[in-house]
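A.B. asks: The structure's right below; bear with me while I get my questions together.
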Amino acid sequence: MQSGGDLFASLLPLIVIFAIFYFLIIRPQQKQQKEHKNMIDSLQKGDKIVTNGGLFCEVVKPEDDFIKVKLNDEIIVRLDRSFVARKIEKTEKSENNA
């Protein structure tokens, strides 16, 4: 009987550390990844984005694996969806111009 209680008492700190690790690191990271995937899937023509390389682009045509983006008035390139860092919201544009 006593060894069962000792086993639980010795595993309890390990379980608590794992629970803290899960709620402070793993769960928020999974939530952030899900939000980023939803943002990438919802990109439409005319949306402004920033790439992982720091380029500001405008979405011309979302495709299955790639997105056609316009770098300036003349240059249109294909960008892998995984290289989209974030979408620029309307409020960010007005702050950047000020």
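Quick note on naming: the chains in the structure tokens go A, B, ... in the order shown, residues restart at 1 in each chain, and ligands are numbered from 1 in order of appearance.
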Near stretch 76-87 of chain A, counting only C-alpha atoms, which residues have an atom at most 10 Å away, once you skip same-chain residues fewer than 6 positions from it, shown as an NGL selection string?
C.D. replies: :A and (36-37 or 39-41 or 43 or 47-70)
A.B. asks: Pull the helix (DSSP H, G or I) assignments for chain A out of DSSP run on the backbone, and list those residues as a VMD selection string.
C.D. replies: chain A and resid 2 to 41 81 to 83 90 to 97
A.B. asks: Hey, can you check how far atom CA of A:Ile26 sits from atom CA of A:Asp6?
C.D. replies: 29.2 Å
A.B. asks: Record the distance separating atom CA of A:Asn72 and atom CA of A:Asn38, expressed in Å with one decimal.
C.D. replies: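 The value is 26.1 Å.
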A.B. asks: Considering only strand (DSSP E or B) as DSSP defines it on the backbone, what residues of stretch 4-98 of chain A qualify? List them as a ChimeraX atom specification.
C.D. replies: /A:48-51,56-62,66-70,76-80,84-88
A.B. asks: When you draw a straight line from atom CA of A:Lys45 to atom CA of A:Ile88, how long is it in Å?
C.D. replies: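 If I compute the distance from atom CA of A:Lys45 to atom CA of A:Ile88, I get 13.2 Å.
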